[in-house]
Amino acid sequence: MKSFTVLAPLLLCVTLLFSSLNDASDSAAEALAILKWKASIQSQNHSVLLSWNTSNNPNTKTSPCAWFGIHCNHADSVTKINLTGYGVKGTLHSFPFSSLPNLAELDLSINELYGIIPHNIRQLSKLTYLDLSYNQFSGQIPPEISRLVHLQTLHLAGNQLNGSIPQGLGQLKFLTDLALCSNKLNGSIPASLDKLSRLLSLVLFDNSLSGPIPPELGNLRNLVEVYLDTNRLTGPIPFTFGNLRKLSVLHMFNNSLSGSIPFELGNMESLSEISLYHNNLSGLIPTSFGDLRHLTLAHLYENQLSGPIPEELGNLNSLVDLELSENQLNGSIPASLGSLSNLEILHVRDNRLSGSIPNEIGNLMKLIVLELDHNNLTGNLPQGICRGGSLEYFTANDNQLTGPIPQGLKNCTTLKRVYLERNRLRGNISEDLGVYPNLTFIELSDNEFFGEVSSNWGLCRSLQSLSIARNNLSGTIPAEIGKSHEDPKGSYMGLEMCRTPAEKQCACWPRFWDCYLNMKQDSFQG
């Protein structure tokens with residue numbers, strides 16, 4: 001018993017010594033394997049890889065742990081390689097997949113790597129994080145990736161990968177982030193992805209994926225982000241997406257989706273962005289959207305949606321951007337939209353809306369962009385249309401609006417672009433319009449304005465295009481307009497000659513520096 005007590009410490013020391021020697025031997029083998037890959041990299045003299053050299057520092061002869069971008073565990077075995085964004089150029093053909101048994105994280109994103117992703121990537125059996133995004137990899141996604149059973153993050157975005165998404169990816173039960181966007185992937189979205197119960201982010205946009213969206217994706221109740229936009233997807237939006245109570249972002253735009261927008265989407269209580277534009281969606285905008293209290297962005301334009309704009313949208317107090325243009329919506333603009341206190345962008349152009357513009361629009365104190373053009377709107381422009389003093393872009397052309405320019409618009413100095421042509425607006429143009437220091441384009445043609453052009457237009461220093469053709473204007477063209485756009489050398493560009501019987505009277509119109517002036521068919525003199 002006494003002899004064992006004496007020998008025990010000695011045996012422990014011997015064990016630790018052999019363990020240390022084995023660790024050193026393994027670390028040296030890993031270093032040599034990494035150096036072999038370095039020799040195949042075309043930009044191997046890049047400054048970030050200068051430390052990958054056993055000859056410069058005696059402390060690095062047996063271990064790569066001090067090399068740039070490499071991290072090790074307590075046994076000096078490589079656990080992480082991170083070379084993101086350092087201009088590494090080459091392939092993975094000589095990458096030491098079989099020599100890095102403890103590698104858990106590999107980040108080679110934003111480089112110039114090319115060629116295929118080798119099948120022996122399966123040998124990185126402890127890998128939890130793989131990011132090869134934004135390189136030039138081609139070929140198919142190797143199905144062997146599905147054998148990396150500990151993988152939590154898989155980012156292959158921004159390459160030239162083709163073929164279909166491997167069915168086996170559904171076996172990666174620990175996966176939380178899957179990003180395959182901006183490739184050349186085709187085929188359908190595998191229904192097997194519904195087994196990824198921990199998935200938080202599904203990013204498949206900008207590919208050539210086709211076929212329907214699998215309803216099974218509605219089983220992924222932990223999803224926070226879904227990006228399926230800019231593909232060739234067809235068929236309906238699955239009503240099962242209503243199960244995604246944690247979903248914050250849903251982007252499906254630029255596809256060929258059809259059918260109606262499911263009422264169940266109103267159950268996505270965490271949703272902040274929904275973008276479904278440029279599809280073939282039809283039917284009504286669900287009134288259940290009024291329950292999406294966290295919604296900040298709703299892009300439903302360029303579809304075939306019909307019926308009225310739901311009053312319930314006025315409940316969305318967080319909404320910043322509402323775009324419903326280029327549909328077949330009818331009825332009036334709901335006065336309830338005036339309750340959207342955070343709204344900055346409202347697009348409802350190119351629909352079949354009728355009735356007057358509600359005065360409540362003036363309550364939108366943060367409004368920057370208002371597009372109402374190409375509808376059947378009637379009545380006067382609301383007095384408080386620029387009450388918040390933020391309006392920059394306003395279009396209401398091609399309607400049946402009447403009455404004068406409201407005082408609120410006259411004093412709206414933030415305006416940059418205004419399009420009111422082809423209405424029946426009337427009033428004294430010299431009194432109804434103000435001085436707009438930021439204005440670049442204003443289009444007032446084909447209305448019933450009268451009076452003379454004010455010299456105040458000469459104070460609009462940013463003005464590039466002024467169109468007031470086919471009104472009832474008279475008088476002379478103020479010289480101040482020409483002076484405001486005069487080049488320092490005294491030259492002008494952009495002369496628009498009149499095409500009326502009174503052409504001889506218009507020959508002396510001033511020319512404008514980089515400016516288009518359209519005053520056709522008005523009664524100007526001199």
# chains A, B, ... in the order shown; residues from 1 in each chain; ligands from 1

call {"tool": "select_by_dssp", "arguments": {"residues": "segment 130-308 of chain A", "states": "helix (DSSP H, G or I)", "output": "count of residues only"}}
result
35

call {"tool": "closest_residue", "arguments": {"among": "A:Leu367, A:Ala29, A:Leu391, A:Leu433", "to": "Pro406 of chain A", "atoms": "only C-alpha atoms"}}
result
A:Leu433

call {"tool": "residues_around", "arguments": {"residues": "Gly218 of chain A", "least_positions_apart": "5", "cutoff": "8 Å", "atoms": "only C-alpha atoms", "output": "list of chain:residue names"}}
result
A:Asp194, A:Pro238, A:Thr240, A:Phe241, A:Gly242, A:Asn243, A:Leu244

call {"tool": "closest_residue", "arguments": {"among": "A:Leu364, A:Val48, A:Leu233, A:Leu300", "to": "Cys386 of chain A", "atoms": "only C-alpha atoms"}}
result
A:Leu364

call {"tool": "closest_atom_pairs", "arguments": {"of": "segment 314-383 of chain A", "to": "segment 410-415 of chain A", "cutoff": "10 Å", "atoms": "only C-alpha atoms", "output": "tab-separated table"}}
result
residue	atom	partner	partner_atom	distance
A:Ile368	CA	A:Leu415	CA	9.0
A:Val369	CA	A:Leu415	CA	9.8
A:Gln383	CA	A:Lys410	CA	10.0

call {"tool": "write_last_selection", "arguments": {"atoms": "C-alpha atoms", "output": "PDB file, in the first residue's frame"}}
result
ATOM      1  CA  ILE A 368     -42.436  62.806 -45.959  1.00  0.00           C
ATOM      2  CA  VAL A 369     -43.861  61.086 -49.058  1.00  0.00           C
ATOM      3  CA  GLN A 383     -55.703  72.467 -45.792  1.00  0.00           C
TER       4      GLN A 383
END

call {"tool": "residues_around", "arguments": {"residues": "segment 434-444 of chain A", "least_positions_apart": "6", "cutoff": "7 Å", "atoms": "only C-alpha atoms", "output": "VMD selection string"}}
result
chain A and resid 410 to 411 413 to 421 456 to 457 459 to 468

call {"tool": "select_by_dssp", "arguments": {"residues": "segment 8-224 of chain A", "states": "strand (DSSP E or B)", "output": "PyMOL selection string"}}
result
chain A and resi 70-72+78-82+89-90+105-107+112-115+129-131+136-140+153-155+160-163+177-179+184-187+201-203+208-211

call {"tool": "closest_atom_pairs", "arguments": {"of": "segment 200-303 of chain A", "to": "segment 166-188 of chain A", "cutoff": "10 Å", "atoms": "only C-alpha atoms", "output": "CSV"}}
result
residue,atom,partner,partner_atom,distance
A:Leu200,CA,A:Thr176,CA,5.1
A:Ser201,CA,A:Asp177,CA,4.9
A:Leu202,CA,A:Leu178,CA,5.2
A:Val203,CA,A:Ala179,CA,4.6
A:Leu204,CA,A:Cys181,CA,4.4
A:Phe205,CA,A:Cys181,CA,4.8
A:Asp206,CA,A:Ser182,CA,4.6
A:Asn207,CA,A:Lys184,CA,5.1
A:Ser208,CA,A:Asn186,CA,4.8
A:Leu209,CA,A:Asn186,CA,4.4
A:Ser210,CA,A:Ser188,CA,5.2
A:Gly211,CA,A:Ser188,CA,5.5
A:Pro212,CA,A:Ser188,CA,7.3
A:Ile213,CA,A:Ser188,CA,8.1
A:Pro214,CA,A:Ser188,CA,8.8
A:Asn222,CA,A:Thr176,CA,9.1
A:Leu223,CA,A:Thr176,CA,8.8
A:Glu225,CA,A:Asp177,CA,9.5
A:Tyr227,CA,A:Cys181,CA,8.6
A:Leu228,CA,A:Cys181,CA,8.7
A:Asp229,CA,A:Cys181,CA,9.5
A:Thr230,CA,A:Ser182,CA,9.3
A:Asn231,CA,A:Asn186,CA,8.9
A:Arg232,CA,A:Asn186,CA,8.9
A:Leu233,CA,A:Ser188,CA,8.3

call {"tool": "write_last_selection", "arguments": {"atoms": "N, CA and C atoms", "output": "PDB file, in the first residue's frame"}}
result
ATOM      1  N   LEU A 200     -34.283  30.194 -36.380  1.00  0.00           N
ATOM      2  CA  LEU A 200     -34.688  31.576 -36.136  1.00  0.00           C
ATOM      3  C   LEU A 200     -34.729  32.392 -37.421  1.00  0.00           C
ATOM      4  N   SER A 201     -33.823  32.092 -38.353  1.00  0.00           N
ATOM      5  CA  SER A 201     -33.668  32.916 -39.554  1.00  0.00           C
ATOM      6  C   SER A 201     -33.564  32.025 -40.786  1.00  0.00           C
ATOM      7  N   LEU A 202     -34.467  32.244 -41.755  1.00  0.00           N
ATOM      8  CA  LEU A 202     -34.465  31.512 -43.017  1.00  0.00           C
ATOM      9  C   LEU A 202     -34.325  32.527 -44.142  1.00  0.00           C
ATOM     10  N   VAL A 203     -33.161  32.518 -44.800  1.00  0.00           N
ATOM     11  CA  VAL A 203     -32.826  33.558 -45.776  1.00  0.00           C
ATOM     12  C   VAL A 203     -32.508  32.885 -47.113  1.00  0.00           C
ATOM     13  N   LEU A 204     -33.466  32.919 -48.037  1.00  0.00           N
ATOM     14  CA  LEU A 204     -33.327  32.232 -49.325  1.00  0.00           C
ATOM     15  C   LEU A 204     -33.532  33.174 -50.508  1.00  0.00           C
ATOM     16  N   PHE A 205     -33.530  34.476 -50.295  1.00  0.00           N
ATOM     17  CA  PHE A 205     -33.873  35.414 -51.370  1.00  0.00           C
ATOM     18  C   PHE A 205     -32.834  35.433 -52.489  1.00  0.00           C
ATOM     19  N   ASP A 206     -33.260  35.957 -53.645  1.00  0.00           N
ATOM     20  CA  ASP A 206     -32.385  36.152 -54.805  1.00  0.00           C
ATOM     21  C   ASP A 206     -31.784  34.840 -55.295  1.00  0.00           C
ATOM     22  N   ASN A 207     -32.660  33.894 -55.606  1.00  0.00           N
ATOM     23  CA  ASN A 207     -32.286  32.652 -56.259  1.00  0.00           C
ATOM     24  C   ASN A 207     -33.270  32.410 -57.398  1.00  0.00           C
ATOM     25  N   SER A 208     -33.378  31.175 -57.847  1.00  0.00           N
ATOM     26  CA  SER A 208     -34.369  30.811 -58.865  1.00  0.00           C
ATOM     27  C   SER A 208     -35.260  29.693 -58.338  1.00  0.00           C
ATOM     28  N   LEU A 209     -35.542  29.734 -57.062  1.00  0.00           N
ATOM     29  CA  LEU A 209     -36.395  28.721 -56.453  1.00  0.00           C
ATOM     30  C   LEU A 209     -37.807  28.812 -57.017  1.00  0.00           C
ATOM     31  N   SER A 210     -38.439  27.666 -57.224  1.00  0.00           N
ATOM     32  CA  SER A 210     -39.754  27.636 -57.859  1.00  0.00           C
ATOM     33  C   SER A 210     -40.696  26.735 -57.071  1.00  0.00           C
ATOM     34  N   GLY A 211     -41.931  26.669 -57.563  1.00  0.00           N
ATOM     35  CA  GLY A 211     -42.915  25.843 -56.893  1.00  0.00           C
ATOM     36  C   GLY A 211     -43.545  26.557 -55.715  1.00  0.00           C
ATOM     37  N   PRO A 212     -44.425  25.877 -55.013  1.00  0.00           N
ATOM     38  CA  PRO A 212     -45.131  26.508 -53.892  1.00  0.00           C
ATOM     39  C   PRO A 212     -44.269  26.612 -52.639  1.00  0.00           C
ATOM     40  N   ILE A 213     -44.675  27.494 -51.754  1.00  0.00           N
ATOM     41  CA  ILE A 213     -44.049  27.596 -50.435  1.00  0.00           C
ATOM     42  C   ILE A 213     -44.609  26.467 -49.576  1.00  0.00           C
ATOM     43  N   PRO A 214     -43.759  25.605 -49.012  1.00  0.00           N
ATOM     44  CA  PRO A 214     -44.283  24.477 -48.227  1.00  0.00           C
ATOM     45  C   PRO A 214     -45.090  24.950 -47.017  1.00  0.00           C
ATOM     46  N   ASN A 222     -40.346  29.084 -33.948  1.00  0.00           N
ATOM     47  CA  ASN A 222     -39.326  29.985 -33.399  1.00  0.00           C
ATOM     48  C   ASN A 222     -38.796  30.970 -34.432  1.00  0.00           C
ATOM     49  N   LEU A 223     -39.288  30.885 -35.654  1.00  0.00           N
ATOM     50  CA  LEU A 223     -38.787  31.764 -36.712  1.00  0.00           C
ATOM     51  C   LEU A 223     -38.998  33.237 -36.367  1.00  0.00           C
ATOM     52  N   GLU A 225     -37.189  35.620 -38.727  1.00  0.00           N
ATOM     53  CA  GLU A 225     -37.009  36.260 -40.038  1.00  0.00           C
ATOM     54  C   GLU A 225     -37.210  35.232 -41.145  1.00  0.00           C
ATOM     55  N   TYR A 227     -36.989  35.349 -45.394  1.00  0.00           N
ATOM     56  CA  TYR A 227     -36.717  36.095 -46.628  1.00  0.00           C
ATOM     57  C   TYR A 227     -36.787  35.114 -47.801  1.00  0.00           C
ATOM     58  N   LEU A 228     -37.893  35.136 -48.522  1.00  0.00           N
ATOM     59  CA  LEU A 228     -38.085  34.269 -49.688  1.00  0.00           C
ATOM     60  C   LEU A 228     -38.222  35.084 -50.968  1.00  0.00           C
ATOM     61  N   ASP A 229     -37.928  36.359 -50.908  1.00  0.00           N
ATOM     62  CA  ASP A 229     -38.167  37.259 -52.037  1.00  0.00           C
ATOM     63  C   ASP A 229     -37.216  37.019 -53.200  1.00  0.00           C
ATOM     64  N   THR A 230     -37.636  37.528 -54.362  1.00  0.00           N
ATOM     65  CA  THR A 230     -36.847  37.504 -55.593  1.00  0.00           C
ATOM     66  C   THR A 230     -36.476  36.076 -55.972  1.00  0.00           C
ATOM     67  N   ASN A 231     -37.516  35.273 -56.138  1.00  0.00           N
ATOM     68  CA  ASN A 231     -37.401  33.919 -56.652  1.00  0.00           C
ATOM     69  C   ASN A 231     -38.475  33.719 -57.713  1.00  0.00           C
ATOM     70  N   ARG A 232     -38.859  32.483 -57.944  1.00  0.00           N
ATOM     71  CA  ARG A 232     -39.914  32.173 -58.919  1.00  0.00           C
ATOM     72  C   ARG A 232     -41.018  31.353 -58.252  1.00  0.00           C
ATOM     73  N   LEU A 233     -41.271  31.650 -57.019  1.00  0.00           N
ATOM     74  CA  LEU A 233     -42.250  30.895 -56.248  1.00  0.00           C
ATOM     75  C   LEU A 233     -43.663  31.163 -56.754  1.00  0.00           C
TER      76      LEU A 233
END

call {"tool": "closest_residue", "arguments": {"among": "A:Leu83, A:Ile145, A:Leu319, A:Ile309", "to": "Ser47 of chain A", "atoms": "only C-alpha atoms"}}
result
A:Leu83

call {"tool": "atom_distance", "arguments": {"atom1": "atom CA of Phe289 of chain A", "atom2": "atom CA of Ile189 of chain A"}}
result
26.7 Å

call {"tool": "closest_residue", "arguments": {"among": "A:Glu144, A:Glu216, A:Asp446, A:Glu30", "to": "Ile121 of chain A", "atoms": "only C-alpha atoms"}}
result
A:Glu144

call {"tool": "residues_around", "arguments": {"residues": "Asn82 of chain A", "least_positions_apart": "6", "cutoff": "8 Å", "atoms": "only C-alpha atoms", "output": "list of chain:residue names"}}
result
A:Gly69, A:Ile70, A:Glu105, A:Leu106, A:Asp107, A:Leu108

call {"tool": "residues_around", "arguments": {"residues": "Pro96 of chain A", "least_positions_apart": "4", "cutoff": "9 Å", "atoms": "only C-alpha atoms", "output": "ChimeraX atom specification"}}
result
/A:30,33-34,36-37,92,100

call {"tool": "residues_around", "arguments": {"residues": "Gly314 of chain A", "least_positions_apart": "6", "cutoff": "9 Å", "atoms": "only C-alpha atoms", "output": "ChimeraX atom specification"}}
result
/A:290,334-340

call {"tool": "atom_distance", "arguments": {"atom1": "atom CA of Ile274 of chain A", "atom2": "atom CA of Leu247 of chain A"}}
result
10.1 Å

call {"tool": "closest_residue", "arguments": {"among": "A:Arg245, A:His155, A:Arg352, A:His150", "to": "Asp131 of chain A", "atoms": "only C-alpha atoms"}}
result
A:His155

call {"tool": "atom_distance", "arguments": {"atom1": "atom CA of Leu401 of chain A", "atom2": "atom CA of Ala469 of chain A"}}
result
17.4 Å
